[in-house]
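Visitor: Pasting protein15.pdb below, which is PDB, C-alpha atoms.
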ATOM      1  CA  ILE A  93       4.367   2.664  -8.181
ATOM      2  CA  TYR A  94       3.176  -0.775  -6.985
ATOM      3  CA  ARG A  95      -0.104  -0.652  -8.859
ATOM      4  CA  GLY A  96       1.017   1.015 -12.072
ATOM      5  CA  ALA A  97       4.609   1.807 -12.935
ATOM      6  CA  MET A  98       6.277  -1.309 -11.544
ATOM      7  CA  PRO A  99       4.123  -4.025 -13.190
ATOM      8  CA  LEU A 100       3.810  -2.115 -16.455
ATOM      9  CA  MET A 101       7.546  -1.496 -16.670
ATOM     10  CA  GLU A 102       8.028  -5.229 -16.241
ATOM     11  CA  LEU A 103       5.437  -5.987 -18.925
ATOM     12  CA  ASP A 104       7.358  -3.736 -21.282
ATOM     13  CA  LYS A 105      10.367  -6.071 -21.048
ATOM     14  CA  HIS A 106       8.464  -8.931 -22.643
ATOM     15  CA  ASP A 107       7.531  -9.600 -26.247
ATOM     16  CA  GLY A 108       4.098  -8.465 -27.319
ATOM     17  CA  TYR A 109       3.864  -5.449 -25.013
ATOM     18  CA  ASP A 110       4.584  -1.832 -25.873
ATOM     19  CA  VAL A 111       4.066   0.095 -22.648
ATOM     20  CA  PHE A 112       4.531   3.726 -21.676
ATOM     21  CA  LEU A 113       3.692   5.734 -18.583
ATOM     22  CA  SER A 114       1.364   8.683 -18.929
ATOM     23  CA  TRP A 115       0.634  11.620 -16.664
ATOM     24  CA  THR A 116      -2.303  13.099 -18.557
ATOM     25  CA  PHE A 117      -4.649  12.425 -21.455
ATOM     26  CA  ARG A 118      -7.003  14.263 -23.782
ATOM     27  CA  PRO A 119     -10.038  13.197 -25.836
ATOM     28  CA  ALA A 120      -9.630  12.995 -29.614
ATOM     29  CA  ALA A 121     -12.364  13.983 -32.056
ATOM     30  CA  ASP A 122     -13.793  10.442 -32.186
ATOM     31  CA  GLY A 123     -13.778  10.098 -28.392
ATOM     32  CA  HIS A 124     -10.729   7.893 -27.911
ATOM     33  CA  LEU A 125      -8.175   9.085 -25.367
ATOM     34  CA  GLU A 126      -4.742  10.265 -26.384
ATOM     35  CA  CYS A 127      -2.197   9.764 -23.587
ATOM     36  CA  MET A 128       0.948  11.822 -23.125
ATOM     37  CA  ASP A 129       4.173   9.992 -22.318
ATOM     38  CA  THR A 130       6.953  11.320 -20.103
ATOM     39  CA  THR A 131       8.587  13.136 -23.039
ATOM     40  CA  GLY A 132       5.444  15.089 -23.883
ATOM     41  CA  GLU A 133       4.436  13.050 -26.941
ATOM     42  CA  TYR A 134       0.825  11.876 -27.285
ATOM     43  CA  HIS A 135      -0.152   8.309 -28.228
ATOM     44  CA  SER A 136      -3.396   6.416 -28.884
ATOM     45  CA  PRO A 137      -3.017   3.158 -26.904
ATOM     46  CA  ASP A 138      -5.267   0.135 -27.306
ATOM     47  CA  VAL A 139      -5.482  -0.258 -23.519
ATOM     48  CA  ILE A 140      -5.415   2.432 -20.847
ATOM     49  CA  TRP A 141      -4.795   1.387 -17.242
ATOM     50  CA  VAL A 142      -5.861   4.201 -14.942
ATOM     51  CA  GLN A 143      -5.971   4.642 -11.174
ATOM     52  CA  ARG A 144      -7.742   7.088  -8.865
ATOM     53  CA  PHE A 145      -9.207   9.204 -11.646
ATOM     54  CA  MET A 146     -12.136  10.676  -9.718
ATOM     55  CA  HIS A 147     -13.177  13.519 -12.004
ATOM     56  CA  ARG A 148     -16.843  14.191 -12.683
ATOM     57  CA  GLU A 149     -16.192  13.798 -16.438
ATOM     58  CA  ALA A 150     -14.665  10.337 -16.036
ATOM     59  CA  VAL A 151     -17.832   8.469 -17.015
ATOM     60  CA  ASN A 152     -18.241  10.431 -20.244
ATOM     61  CA  LEU A 153     -14.569  10.159 -21.122
ATOM     62  CA  PHE A 154     -14.415   6.421 -20.488
ATOM     63  CA  SER A 155     -17.718   5.695 -22.240
ATOM     64  CA  HIS A 156     -16.677   7.558 -25.384
ATOM     65  CA  ALA A 157     -13.227   5.948 -25.346
ATOM     66  CA  ARG A 158     -14.732   2.477 -25.110
ATOM     67  CA  ALA A 159     -17.187   3.275 -27.904
ATOM     68  CA  ALA A 160     -14.154   4.232 -30.016
ATOM     69  CA  GLY A 161     -12.599   0.817 -29.361
ATOM     70  CA  GLN A 162     -10.251   1.439 -26.431
ATOM     71  CA  ILE A 163     -10.124  -0.777 -23.360
ATOM     72  CA  ILE A 164     -10.239   1.067 -20.030
ATOM     73  CA  LEU A 165      -8.823  -0.845 -17.067
ATOM     74  CA  ASN A 166      -9.422   0.901 -13.752
ATOM     75  CA  ASP A 167      -7.407   0.020 -10.659
ATOM     76  CA  LEU A 168      -8.638   0.194  -7.063
ATOM     77  CA  ASP A 169      -6.242  -0.189  -4.143
ATOM     78  CA  ASP A 170      -8.107   1.383  -1.193
ATOM     79  CA  ASN A 171     -11.679   1.308   0.089
ATOM     80  CA  PHE A 172     -12.437   5.001  -0.352
ATOM     81  CA  TRP A 173     -16.051   4.503   0.737
ATOM     82  CA  ASN A 174     -15.049   3.416   4.228
ATOM     83  CA  LEU A 175     -12.337   5.973   4.902
ATOM     84  CA  PRO A 176     -11.927   6.863   8.578
ATOM     85  CA  LYS A 177     -12.332  10.559   9.283
ATOM     86  CA  SER A 178      -8.767  10.646  10.612
ATOM     87  CA  ASN A 179      -7.476   9.861   7.102
ATOM     88  CA  VAL A 180      -6.723  13.042   5.145
ATOM     89  CA  ALA A 181      -8.300  11.453   2.057
ATOM     90  CA  TYR A 182     -11.686  11.486   3.797
ATOM     91  CA  GLU A 183     -11.815  15.244   3.266
ATOM     92  CA  THR A 184      -9.884  15.501   0.003
ATOM     93  CA  THR A 185     -12.188  12.985  -1.724
ATOM     94  CA  SER A 186     -15.376  14.238  -0.080
ATOM     95  CA  PRO A 187     -18.252  15.038  -2.517
ATOM     96  CA  GLU A 188     -19.250  17.954  -0.298
ATOM     97  CA  ARG A 189     -15.779  19.480  -0.177
ATOM     98  CA  ASN A 190     -14.659  18.607  -3.686
ATOM     99  CA  PRO A 191     -17.628  18.406  -6.088
ATOM    100  CA  ASP A 192     -15.463  18.003  -9.211
ATOM    101  CA  PHE A 193     -13.103  15.277  -7.984
ATOM    102  CA  ASN A 194     -14.333  12.819  -5.362
ATOM    103  CA  ARG A 195     -14.976   9.208  -4.359
ATOM    104  CA  ASP A 196     -18.569   9.218  -5.632
ATOM    105  CA  HIS A 197     -17.325  10.056  -9.122
ATOM    106  CA  TYR A 198     -14.703   7.348  -8.661
ATOM    107  CA  ARG A 199     -17.309   4.644  -8.088
ATOM    108  CA  LYS A 200     -19.134   5.736 -11.251
ATOM    109  CA  ALA A 201     -15.859   5.792 -13.174
ATOM    110  CA  LEU A 202     -15.124   2.234 -12.064
ATOM    111  CA  ALA A 203     -18.565   1.159 -13.271
ATOM    112  CA  ALA A 204     -17.932   2.815 -16.655
ATOM    113  CA  SER A 205     -14.688   0.903 -17.242
ATOM    114  CA  SER A 206     -14.031  -2.228 -19.271
ATOM    115  CA  ALA A 207     -12.697  -4.035 -16.207
ATOM    116  CA  ILE A 208     -11.474  -3.363 -12.667
ATOM    117  CA  THR A 209      -8.279  -4.581 -11.020
ATOM    118  CA  VAL A 210      -8.029  -4.690  -7.233
ATOM    119  CA  SER A 211      -5.303  -5.446  -4.710
ATOM    120  CA  THR A 212      -7.353  -7.453  -2.170
ATOM    121  CA  PRO A 213     -10.355  -9.808  -2.075
ATOM    122  CA  SER A 214     -12.180  -7.303   0.145
ATOM    123  CA  LEU A 215     -11.934  -4.666  -2.575
ATOM    124  CA  ALA A 216     -13.149  -7.191  -5.145
ATOM    125  CA  LYS A 217     -16.253  -7.734  -3.045
ATOM    126  CA  GLU A 218     -16.743  -3.967  -2.724
ATOM    127  CA  VAL A 219     -16.993  -3.435  -6.496
ATOM    128  CA  GLU A 220     -18.277  -6.742  -7.822
ATOM    129  CA  ARG A 221     -21.808  -5.366  -8.216
ATOM    130  CA  LEU A 222     -20.726  -2.436 -10.387
ATOM    131  CA  GLY A 223     -20.860  -4.503 -13.568
ATOM    132  CA  PRO A 224     -17.377  -4.755 -15.123
ATOM    133  CA  PRO A 225     -15.354  -7.937 -14.523
ATOM    134  CA  VAL A 226     -13.081  -7.695 -11.479
ATOM    135  CA  PHE A 227      -9.565  -9.152 -11.335
ATOM    136  CA  LEU A 228      -7.462  -9.657  -8.229
ATOM    137  CA  CYS A 229      -3.850  -8.541  -8.792
ATOM    138  CA  ARG A 230      -2.109  -8.578  -5.436
ATOM    139  CA  ASN A 231       0.754  -6.207  -4.717
ATOM    140  CA  MET A 232       4.199  -7.466  -5.611
ATOM    141  CA  ILE A 233       7.659  -6.023  -5.068
ATOM    142  CA  ASP A 234      10.838  -5.305  -7.027
ATOM    143  CA  ILE A 235      13.054  -7.348  -4.754
ATOM    144  CA  GLU A 236      16.299  -6.062  -6.299
ATOM    145  CA  ARG A 237      15.571  -2.582  -4.947
ATOM    146  CA  TRP A 238      15.551  -3.958  -1.398
ATOM    147  CA  GLN A 239      18.861  -4.751   0.237
ATOM    148  CA  PRO A 240      18.288  -6.676   3.478
ATOM    149  CA  HIS A 241      20.135  -5.391   6.526
ATOM    150  CA  ASP A 242      21.032  -7.017   9.829
ATOM    151  CA  PRO A 243      18.135  -6.528  12.275
ATOM    152  CA  GLY A 244      20.309  -8.047  14.980
ATOM    153  CA  MET A 245      22.530  -4.974  14.824
ATOM    154  CA  ALA A 246      19.679  -2.454  14.614
ATOM    155  CA  GLU A 247      18.217  -1.255  17.899
ATOM    156  CA  ALA A 248      14.968   0.602  17.202
ATOM    157  CA  VAL A 249      11.390  -0.605  17.312
ATOM    158  CA  GLY A 250       9.357   1.377  14.840
ATOM    159  CA  TRP A 251       6.673   2.082  12.303
ATOM    160  CA  ILE A 252       6.851   3.065   8.625
ATOM    161  CA  GLY A 253       4.066   5.160   7.132
ATOM    162  CA  GLY A 254       2.382   8.543   6.835
ATOM    163  CA  LEU A 255       0.307   9.486   9.852
ATOM    164  CA  GLN A 256      -2.140  11.602   7.830
ATOM    165  CA  TRP A 257      -3.410   8.540   5.969
ATOM    166  CA  ARG A 258      -4.117   6.350   8.996
ATOM    167  CA  ALA A 259      -7.116   5.336  11.014
ATOM    168  CA  ASN A 260      -6.685   5.199  14.808
ATOM    169  CA  ASP A 261      -3.924   2.649  14.287
ATOM    170  CA  MET A 262      -1.466   4.221  16.723
ATOM    171  CA  GLY A 263      -4.025   3.810  19.502
ATOM    172  CA  ILE A 264      -3.199   0.106  19.451
ATOM    173  CA  LEU A 265       0.454   0.792  20.295
ATOM    174  CA  ARG A 266      -0.421   3.410  22.879
ATOM    175  CA  GLN A 267      -1.750   0.671  25.168
ATOM    176  CA  PHE A 268       1.635  -0.961  25.742
ATOM    177  CA  LEU A 269       4.552   0.411  23.716
ATOM    178  CA  PRO A 270       5.613   3.467  25.796
ATOM    179  CA  ASP A 271       6.064   1.415  28.963
ATOM    180  CA  PHE A 272       7.750  -1.430  27.108
ATOM    181  CA  LEU A 273      10.352   0.831  25.509
ATOM    182  CA  GLU A 274      11.142   2.487  28.809
ATOM    183  CA  ASP A 275      11.398  -0.837  30.628
ATOM    184  CA  VAL A 276      13.852  -2.403  28.155
ATOM    185  CA  GLY A 277      15.691   0.776  27.158
ATOM    186  CA  VAL A 278      14.971   0.502  23.426
ATOM    187  CA  GLY A 279      14.394   3.495  21.140
ATOM    188  CA  PHE A 280      11.525   4.261  18.772
ATOM    189  CA  TYR A 281      11.888   5.094  15.078
ATOM    190  CA  HIS A 282       9.385   6.490  12.560
ATOM    191  CA  GLY A 283      10.114   6.274   8.855
ATOM    192  CA  GLY A 284       7.908   8.639   6.870
ATOM    193  CA  ASP A 285       7.595  11.735   9.030
ATOM    194  CA  SER A 286       5.656  14.375   7.089
ATOM    195  CA  GLN A 287       7.336  17.462   8.618
ATOM    196  CA  VAL A 288       4.210  19.426   7.695
ATOM    197  CA  PRO A 289       3.210  22.023  10.310
ATOM    198  CA  GLY A 290       0.268  20.813  12.315
ATOM    199  CA  VAL A 291       0.883  17.093  11.749
ATOM    200  CA  LYS A 292       1.713  15.438  15.055
ATOM    201  CA  LYS A 293       4.783  13.348  15.666
ATOM    202  CA  VAL A 294       4.002   9.646  15.754
ATOM    203  CA  TRP A 295       5.653   9.176  19.143
ATOM    204  CA  ASP A 296       3.414  11.875  20.616
ATOM    205  CA  VAL A 297       0.322  10.117  19.263
ATOM    206  CA  ILE A 298       1.518   6.817  20.732
ATOM    207  CA  GLY A 299       2.340   8.471  24.043
ATOM    208  CA  ILE A 300       6.103   7.933  23.985
ATOM    209  CA  ASN A 301       7.977  10.481  26.086
ATOM    210  CA  PRO A 302      11.127  11.673  24.235
ATOM    211  CA  GLN A 303      12.619  12.618  27.593
ATOM    212  CA  ARG A 304      12.606   8.976  28.666
ATOM    213  CA  THR A 305      12.870   7.106  25.350
ATOM    214  CA  LYS A 306      15.166   7.889  22.449
ATOM    215  CA  VAL A 307      13.123   8.789  19.367
ATOM    216  CA  ALA A 308      14.185   9.342  15.761
ATOM    217  CA  ALA A 309      12.483   9.925  12.423
ATOM    218  CA  THR A 310      13.269  10.003   8.719
ATOM    219  CA  PRO A 311      11.075  12.214   6.536
ATOM    220  CA  LEU A 312       8.905  11.085   3.655
ATOM    221  CA  CYS A 313      11.112  10.534   0.634
ATOM    222  CA  HIS A 314      11.217   9.740  -3.068
ATOM    223  CA  ILE A 315      10.158   6.196  -3.933
ATOM    224  CA  GLY A 316      13.709   5.433  -5.053
ATOM    225  CA  GLN A 317      14.930   6.062  -1.497
ATOM    226  CA  TYR A 318      11.974   4.446   0.220
ATOM    227  CA  PRO A 319      13.587   1.056   1.052
ATOM    228  CA  GLY A 320      16.168   2.947   3.114
ATOM    229  CA  LEU A 321      13.465   3.973   5.575
ATOM    230  CA  PHE A 322      13.553   0.420   6.965
ATOM    231  CA  THR A 323      17.293   0.323   7.670
ATOM    232  CA  PRO A 324      17.139   1.543  11.319
ATOM    233  CA  LEU A 325      14.499  -1.048  12.235
ATOM    234  CA  ALA A 326      15.166  -4.015  14.481
ATOM    235  CA  ILE A 327      11.427  -4.744  14.669
ATOM    236  CA  SER A 328       8.705  -3.437  12.363
ATOM    237  CA  LEU A 329       5.283  -2.800  13.916
ATOM    238  CA  ILE A 330       2.188  -2.894  11.693
ATOM    239  CA  PRO A 331      -0.786  -1.824  13.847
ATOM    240  CA  LEU A 332      -4.131  -1.676  12.032
ATOM    241  CA  GLU A 333      -7.390  -0.702  13.652
ATOM    242  CA  ASP A 334     -10.139  -3.302  13.220
ATOM    243  CA  GLN A 335     -12.390  -1.443  10.762
ATOM    244  CA  LYS A 336     -13.582  -1.772   7.154
ATOM    245  CA  PHE A 337     -10.982   0.463   5.517
ATOM    246  CA  ASN A 338      -8.141  -1.531   7.055
ATOM    247  CA  HIS A 339      -9.818  -4.844   6.225
ATOM    248  CA  ALA A 340      -9.353  -3.903   2.556
ATOM    249  CA  LYS A 341      -5.682  -2.963   2.925
ATOM    250  CA  SER A 342      -3.089  -5.224   1.381
ATOM    251  CA  ALA A 343      -0.208  -6.806   3.284
ATOM    252  CA  LEU A 344       2.226  -4.461   1.572
ATOM    253  CA  LYS A 345       3.856  -3.240   4.785
ATOM    254  CA  ALA A 346       4.537  -6.814   5.863
ATOM    255  CA  LEU A 347       5.943  -7.557   2.399
ATOM    256  CA  GLU A 348       8.183  -4.479   2.537
ATOM    257  CA  SER A 349       9.411  -5.336   6.031
ATOM    258  CA  SER A 350      10.174  -8.855   4.834
ATOM    259  CA  ALA A 351      12.008  -7.596   1.759
ATOM    260  CA  ALA A 352      14.178  -5.465   4.059
ATOM    261  CA  GLY A 353      14.970  -8.565   6.127
ATOM    262  CA  VAL A 354      13.167  -7.232   9.197
ATOM    263  CA  PRO A 355      10.941  -9.182  11.599
ATOM    264  CA  TYR A 356       7.463  -7.707  11.933
ATOM    265  CA  ILE A 357       4.398  -7.888  14.169
ATOM    266  CA  ALA A 358       1.076  -7.098  12.494
ATOM    267  CA  SER A 359      -2.517  -6.770  13.574
ATOM    268  CA  ASP A 360      -4.560  -9.836  12.717
ATOM    269  CA  LEU A 361      -6.549  -8.580   9.715
ATOM    270  CA  PRO A 362      -7.407 -10.561   6.557
ATOM    271  CA  GLU A 363      -4.525  -9.736   4.233
ATOM    272  CA  GLN A 364      -1.903  -9.628   6.977
ATOM    273  CA  ARG A 365      -3.154 -13.058   8.062
ATOM    274  CA  TRP A 366      -3.009 -14.350   4.485
ATOM    275  CA  PHE A 367       0.543 -13.116   3.882
ATOM    276  CA  THR A 368       1.879 -14.246   7.262
ATOM    277  CA  GLU A 369       0.201 -17.627   7.574
ATOM    278  CA  ASP A 370       0.636 -18.484   3.895
ATOM    279  CA  GLY A 371       4.396 -18.104   4.197
ATOM    280  CA  GLY A 372       4.693 -19.344   7.751
ATOM    281  CA  MET A 373       6.719 -16.223   8.510
ATOM    282  CA  GLY A 374       6.215 -13.022  10.448
ATOM    283  CA  ARG A 375       4.064 -12.543  13.523
ATOM    284  CA  LEU A 376       0.418 -11.703  14.144
ATOM    285  CA  ALA A 377      -1.096 -10.164  17.278
ATOM    286  CA  LYS A 378      -3.926 -12.662  17.032
ATOM    287  CA  ASN A 379      -6.193 -11.846  19.964
ATOM    288  CA  TRP A 380      -5.769  -8.047  19.801
ATOM    289  CA  LYS A 381      -4.609  -7.963  23.424
ATOM    290  CA  PRO A 382      -1.600  -5.814  24.432
ATOM    291  CA  GLN A 383       0.011  -8.834  26.063
ATOM    292  CA  THR A 384       0.164 -10.608  22.701
ATOM    293  CA  TRP A 385       2.192  -7.750  21.225
ATOM    294  CA  LEU A 386       4.390  -7.729  24.316
ATOM    295  CA  ASP A 387       5.042 -11.473  24.115
ATOM    296  CA  HIS A 388       6.243 -11.081  20.522
ATOM    297  CA  LEU A 389       8.371  -8.068  21.415
ATOM    298  CA  ASP A 390       9.982  -9.918  24.313
ATOM    299  CA  GLU A 391      10.969 -12.796  22.030
ATOM    300  CA  LEU A 392      12.365 -10.422  19.420
ATOM    301  CA  LEU A 393      14.640  -8.694  21.910
ATOM    302  CA  ASP A 394      17.088 -11.523  21.181
ATOM    303  CA  PRO A 395      19.299 -10.385  18.245
ATOM    304  CA  GLU A 396      19.717 -13.941  16.976
ATOM    305  CA  VAL A 397      15.943 -14.465  16.879
ATOM    306  CA  ARG A 398      15.639 -11.255  14.859
ATOM    307  CA  ARG A 399      18.374 -12.347  12.460
ATOM    308  CA  GLU A 400      16.853 -15.767  11.892
ATOM    309  CA  GLU A 401      13.397 -14.336  11.394
ATOM    310  CA  GLY A 402      14.655 -11.569   9.124
ATOM    311  CA  VAL A 403      16.328 -14.103   6.822
ATOM    312  CA  ALA A 404      13.160 -16.223   6.676
ATOM    313  CA  ASN A 405      11.010 -13.175   5.982
ATOM    314  CA  ARG A 406      13.310 -12.076   3.157
ATOM    315  CA  LYS A 407      13.055 -15.544   1.606
ATOM    316  CA  HIS A 408       9.277 -15.306   1.728
ATOM    317  CA  ALA A 409       9.338 -11.847   0.113
ATOM    318  CA  GLU A 410      11.368 -13.189  -2.806
ATOM    319  CA  ALA A 411       8.319 -15.232  -3.840
ATOM    320  CA  PHE A 412       6.539 -11.926  -4.566
ATOM    321  CA  ASP A 413       9.142 -10.530  -6.963
ATOM    322  CA  ILE A 414       7.579  -8.696  -9.909
ATOM    323  CA  ARG A 415      10.017 -10.486 -12.247
ATOM    324  CA  ASP A 416       8.159 -13.713 -11.553
ATOM    325  CA  LYS A 417       4.679 -12.376 -10.845
ATOM    326  CA  TRP A 418       4.220  -9.910 -13.731
ATOM    327  CA  THR A 419       2.076 -12.538 -15.427
ATOM    328  CA  GLN A 420      -0.932 -11.777 -13.217
ATOM    329  CA  TRP A 421      -1.230  -8.419 -14.979
ATOM    330  CA  ALA A 422      -0.523 -10.033 -18.349
ATOM    331  CA  ASP A 423      -3.310 -12.542 -17.722
ATOM    332  CA  VAL A 424      -5.763  -9.685 -17.170
ATOM    333  CA  LEU A 425      -4.752  -8.066 -20.461
ATOM    334  CA  LYS A 426      -5.149 -11.322 -22.332
ATOM    335  CA  GLU A 427      -8.580 -12.025 -20.919
ATOM    336  CA  ILE A 428      -9.987  -8.533 -21.360
ATOM    337  CA  SER A 429      -8.565  -8.256 -24.902
ATOM    338  CA  ALA A 430      -9.850 -11.634 -26.093
TER     339      ALA A 430
END
What does this structure look like when you write it as structure tokens?
Guide:
Amino acid sequence: IYRGAMPLMELDKHDGYDVFLSWTFRPAADGHLECMDTTGEYHSPDVIWVQRFMHREAVNLFSHARAAGQIILNDLDDNFWNLPKSNVAYETTSPERNPDFNRDHYRKALAASSAITVSTPSLAKEVERLGPPVFLCRNMIDIERWQPHDPGMAEAVGWIGGLQWRANDMGILRQFLPDFLEDVGVGFYHGGDSQVPGVKKVWDVIGINPQRTKVAATPLCHIGQYPGLFTPLAISLIPLEDQKFNHAKSALKALESSAAGVPYIASDLPEQRWFTEDGGMGRLAKNWKPQTWLDHLDELLDPEVRREEGVANRKHAEAFDIRDKWTQWADVLKEISA
């Protein structure tokens, strides 16, 4: 949604752009790609913006489409070539496990495109040698979908995300969070519980004892309901293991927490540092020591501190509204179509 539907839907509101969302495509006789819209009708667009198409035929399809005059923009939002083994995508995009659809094909597909868009400078560096021009389009947000709540009234410290797609991020919290929650009598909340058999509960991975600390979870949900996952949070934790995959991750979770009007504490990685220090808002665990996290948590136990910080964070998030920032995608289209 952040990398495709949201910016393109905004582009469609402006003169000069005729945009539709497509779920599949097929090659025409001359090699150009016909894309099916949400009603089932096929079109022949001038520009196709595609993401995560990792099929072995991608290079042939894109090469023929470009030869027929179409522009293929390919988006990259994760460093699939440095996936931790704990991330479910490590196996699902493995060339050994999935010979027809995998990350090796994806790299070749990126190289066969007219241009590449990326969400972080780290990803730009990862693909700059592939040949096509690379454009940085950072993640933005539809601020109107996010209604800030009062973090001074909320009581839970928590994390939002899907455990299957993480590195050893929860190991960071395991060092200090269980004891802290017990000592201050605060509960833990997880927004995004998978409820799939065999997937552990986040509090078990962190080492939180449900017999001594109140725990709660909300399951993974439709994107339209996603902002509601943040409502129970008094403090949003954004732990990220210090490794290459996470270095390429955007500051989206900090942006979402800010849009919800919630104070956050994030690991000190490049994009989290950029988002936090650029806006002068939010908090970073700068030296990676448990005591740094604890110092921030202690300060945020004060409801008025949380309220003040939540308001400031929300103000910062408003600067990333897609209604103002859609032009970064428009600029790419103008340059690649010139």
Visitor: Here's a test: counting only C-alpha atoms, identify every protein, DNA and RNA residue with an atom at most 12 Å from (10.1, 10.1, 20.5) in the file's coordinate frame, and state them as a VMD selection string.
Guide: chain A and resid 248 to 251 269 to 270 273 to 274 278 to 282 285 292 to 309
Visitor: Can you tell me which residues surround His147 (chain A) at a distance of at most 9 Å, considering all atoms listed in the file, apart from same-chain residues fewer than 6 positions away, and format the answer as JSON, numbers by chain?
Guide: {"A": [191, 192, 193, 194, 195, 197, 198, 201]}
Visitor: In Å, rounded to a single decimal, give me how far CA of Phe172 (chain A) is from CA of Glu220 (chain A).
Guide: 15.1 Å
Visitor: Within 12 Å of Glu369 (chain A), counting all atoms listed in the file, which residues show up once you throw out same-chain ones fewer than 6 positions away? Write them as a PDB file with C-alpha atoms, keeping the file's coordinate frame, please.
Guide:
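Output file out.pdb is given in full below:
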ATOM      1  CA  ALA A 343      -0.208  -6.806   3.284  1.00  0.00           C
ATOM      2  CA  ALA A 346       4.537  -6.814   5.863  1.00  0.00           C
ATOM      3  CA  ALA A 358       1.076  -7.098  12.494  1.00  0.00           C
ATOM      4  CA  ASP A 360      -4.560  -9.836  12.717  1.00  0.00           C
ATOM      5  CA  LEU A 361      -6.549  -8.580   9.715  1.00  0.00           C
ATOM      6  CA  PRO A 362      -7.407 -10.561   6.557  1.00  0.00           C
ATOM      7  CA  GLU A 363      -4.525  -9.736   4.233  1.00  0.00           C
ATOM      8  CA  ARG A 375       4.064 -12.543  13.523  1.00  0.00           C
ATOM      9  CA  LEU A 376       0.418 -11.703  14.144  1.00  0.00           C
ATOM     10  CA  LYS A 378      -3.926 -12.662  17.032  1.00  0.00           C
ATOM     11  CA  ASN A 405      11.010 -13.175   5.982  1.00  0.00           C
ATOM     12  CA  HIS A 408       9.277 -15.306   1.728  1.00  0.00           C
TER      13      HIS A 408
END
Visitor: Quick check, in Å to one decimal: how far apart do CA of Phe117 (chain A) and CA of Asp129 (chain A) lie?
Guide: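 Taking CA of Phe117 (chain A) as the start and CA of Asp129 (chain A) as the end point, the length is 9.2 Å.
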Visitor: Under the PyMOL selection byres ((chain A and resi 136) around 7), which residues of this model are included? Write them out as a PyMOL selection string.
Guide: chain A and resi 125-127+135+137-138
Visitor: Just to confirm, what's the straight-line distance from CA of Leu321 (chain A) to CA of Gly283 (chain A) in Å (one decimal)?
Guide: 5.2 Å
Visitor: Using only C-alpha atoms, find the one residue out of A:Pro213, A:Gly284, A:Gly372, A:Gly316 that sits nearest to Gln256 (chain A).
Guide: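 Once distances to Gln256 (chain A) are computed over only C-alpha atoms, the minimum belongs to A:Gly284.
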Visitor: Of the candidates A:Asp423, A:Glu149, A:Glu400, A:Glu333, which one gets nearest to Lys200 (chain A) if we count all atoms listed in the file?
Guide: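 Of A:Asp423, A:Glu149, A:Glu400, A:Glu333, the one nearest Lys200 (chain A) is A:Glu149, counting all atoms listed in the file.
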Visitor: Copy region 275-287 of chain A out of the block into a file, keeping N, CA and C atoms, as a compact mmCIF listing (two decimals), in the first residue's frame.
Guide:
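The result, stored in decode-v8.txt:
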# COMPACT_ATOMS: atom_id res chain seq x y z
N ASP A 275 8.34 -4.54 37.42
CA ASP A 275 8.70 -3.57 38.46
C ASP A 275 7.71 -2.41 38.53
N VAL A 276 7.23 -1.93 37.36
CA VAL A 276 6.36 -0.75 37.35
C VAL A 276 4.89 -1.11 37.21
N GLY A 277 4.59 -2.40 37.00
CA GLY A 277 3.21 -2.84 36.91
C GLY A 277 2.49 -2.41 35.64
N VAL A 278 3.22 -2.35 34.53
CA VAL A 278 2.65 -1.95 33.25
C VAL A 278 2.50 -3.18 32.36
N GLY A 279 1.44 -3.21 31.54
CA GLY A 279 1.18 -4.34 30.67
C GLY A 279 1.91 -4.24 29.34
N PHE A 280 1.89 -5.36 28.60
CA PHE A 280 2.52 -5.43 27.28
C PHE A 280 1.46 -5.71 26.23
N TYR A 281 1.58 -5.05 25.09
CA TYR A 281 0.62 -5.21 24.00
C TYR A 281 1.34 -5.47 22.69
N HIS A 282 0.82 -6.44 21.91
CA HIS A 282 1.34 -6.71 20.57
C HIS A 282 0.24 -6.51 19.55
N GLY A 283 0.45 -5.61 18.62
CA GLY A 283 -0.47 -5.41 17.51
C GLY A 283 0.07 -6.09 16.27
N GLY A 284 -0.64 -7.11 15.79
CA GLY A 284 -0.19 -7.84 14.61
C GLY A 284 0.07 -9.30 14.86
N ASP A 285 -0.55 -9.86 15.86
CA ASP A 285 -0.39 -11.28 16.17
C ASP A 285 -0.89 -12.13 15.01
N SER A 286 -0.09 -13.10 14.59
CA SER A 286 -0.44 -13.87 13.39
C SER A 286 -1.53 -14.92 13.64
N GLN A 287 -1.60 -15.47 14.83
CA GLN A 287 -2.55 -16.51 15.19
C GLN A 287 -2.42 -17.76 14.31
